[in-house]
Amino acid sequence: MGNLGATELLIIGVVIVLLFGSKKLPEMARSLGRSAKILKAESAGLQEETQADTTAAPTQVAQLQQQIDDLQQQLKNAQRGSNPAS
């Protein structure tokens, strides 16, 4: 099925022209071009968002780790305050 020769491609092209007409083909090609352009722009935007998220992640991890450390210190201080004999 993947081995299409020139004859098969020509037959497919003639069938497409007969089905859609010669006036609709340029319009369809423009529409396909616009769709490809939109898809390319969206994928580029998605890549930029992904890169922004990955660069922000280490900062967020560091902030969360600092909060965990602070909470652990507060817990230790609270335990020392409630158990002075320990």
# chains A, B, ... in the order shown; residues from 1 in each chain; ligands from 1
call {"tool": "residues_around", "arguments": {"residues": "segment 25-36 of chain A", "least_positions_apart": "6", "cutoff": "12 Å", "atoms": "only C-alpha atoms", "output": "ChimeraX atom specification"}}
result
/A:13-14,16-19,42-43
call {"tool": "decode", "arguments": {"residues": "chain A", "atoms": "C-alpha atoms", "output": "short mmCIF file (atom, residue, chain, number, x, y, z; two decimals), in the first residue's frame"}}
result
data_model
loop_
_atom_site.label_atom_id
_atom_site.label_comp_id
_atom_site.auth_asym_id
_atom_site.auth_seq_id
_atom_site.Cartn_x
_atom_site.Cartn_y
_atom_site.Cartn_z
CA MET A 1 0.00 0.00 0.00
CA GLY A 2 2.91 2.37 0.67
CA ASN A 3 4.41 1.81 -2.78
CA LEU A 4 2.50 4.30 -4.93
CA GLY A 5 3.92 4.91 -8.37
CA ALA A 6 3.43 7.86 -10.69
CA THR A 7 0.45 6.23 -12.41
CA GLU A 8 -1.39 5.64 -9.15
CA LEU A 9 -0.73 9.20 -7.98
CA LEU A 10 -2.01 10.57 -11.29
CA ILE A 11 -5.21 8.52 -11.00
CA ILE A 12 -5.73 9.70 -7.42
CA GLY A 13 -5.19 13.31 -8.53
CA VAL A 14 -7.74 12.99 -11.35
CA VAL A 15 -10.30 11.48 -8.97
CA ILE A 16 -9.78 14.33 -6.49
CA VAL A 17 -10.24 16.95 -9.22
CA LEU A 18 -13.41 15.20 -10.41
CA LEU A 19 -14.83 14.94 -6.89
CA PHE A 20 -14.09 18.44 -5.66
CA GLY A 21 -13.78 20.46 -8.83
CA SER A 22 -10.94 22.69 -9.91
CA LYS A 23 -12.36 25.77 -8.14
CA LYS A 24 -12.51 24.13 -4.72
CA LEU A 25 -8.96 22.73 -4.75
CA PRO A 26 -7.13 26.08 -4.25
CA GLU A 27 -9.56 26.98 -1.47
CA MET A 28 -8.94 23.64 0.21
CA ALA A 29 -5.18 24.08 -0.13
CA ARG A 30 -5.37 27.54 1.49
CA SER A 31 -7.47 26.15 4.30
CA LEU A 32 -4.98 23.33 4.81
CA GLY A 33 -2.12 25.87 4.86
CA ARG A 34 -3.90 27.99 7.47
CA SER A 35 -4.54 24.94 9.60
CA ALA A 36 -0.88 23.93 9.40
CA LYS A 37 0.18 27.47 10.37
CA ILE A 38 -2.15 27.47 13.38
CA LEU A 39 -0.92 24.03 14.44
CA LYS A 40 2.70 25.18 14.19
CA ALA A 41 1.99 28.31 16.27
CA GLU A 42 0.14 26.33 18.94
CA SER A 43 2.89 23.73 19.21
CA ALA A 44 5.51 26.48 19.54
CA GLY A 45 3.43 28.11 22.28
CA LEU A 46 3.11 24.79 24.08
CA GLN A 47 6.88 24.28 23.93
CA GLU A 48 7.45 27.77 25.38
CA GLU A 49 5.03 27.05 28.23
CA THR A 50 6.74 23.75 28.94
CA GLN A 51 10.16 25.42 29.04
CA ALA A 52 8.84 28.16 31.34
CA ASP A 53 7.37 25.54 33.67
CA THR A 54 10.61 23.56 33.84
CA THR A 55 12.67 26.65 34.62
CA ALA A 56 10.24 27.68 37.38
CA ALA A 57 10.13 24.20 38.94
CA PRO A 58 13.52 24.30 40.76
CA THR A 59 12.60 27.60 42.39
CA GLN A 60 9.27 26.19 43.56
CA VAL A 61 10.96 23.06 44.89
CA ALA A 62 13.43 25.17 46.85
CA GLN A 63 10.62 27.26 48.31
CA LEU A 64 8.66 24.17 49.32
CA GLN A 65 11.74 22.62 50.90
CA GLN A 66 12.31 25.81 52.90
CA GLN A 67 8.70 25.74 54.10
CA ILE A 68 9.07 22.10 55.14
CA ASP A 69 12.25 22.89 57.05
CA ASP A 70 10.55 25.84 58.80
CA LEU A 71 7.57 23.69 59.79
CA GLN A 72 9.83 20.95 61.12
CA GLN A 73 11.71 23.51 63.19
CA GLN A 74 8.45 24.91 64.54
CA LEU A 75 7.31 21.38 65.43
CA LYS A 76 10.56 20.70 67.30
CA ASN A 77 10.24 24.00 69.16
CA ALA A 78 6.62 23.22 70.07
CA GLN A 79 7.58 19.74 71.31
CA ARG A 80 10.37 21.20 73.46
CA GLY A 81 7.95 23.75 74.90
CA SER A 82 5.35 21.18 75.87
CA ASN A 83 7.93 18.71 77.31
CA PRO A 84 10.42 20.76 79.31
CA ALA A 85 11.62 17.69 81.22
CA SER A 86 12.84 15.94 78.04
#
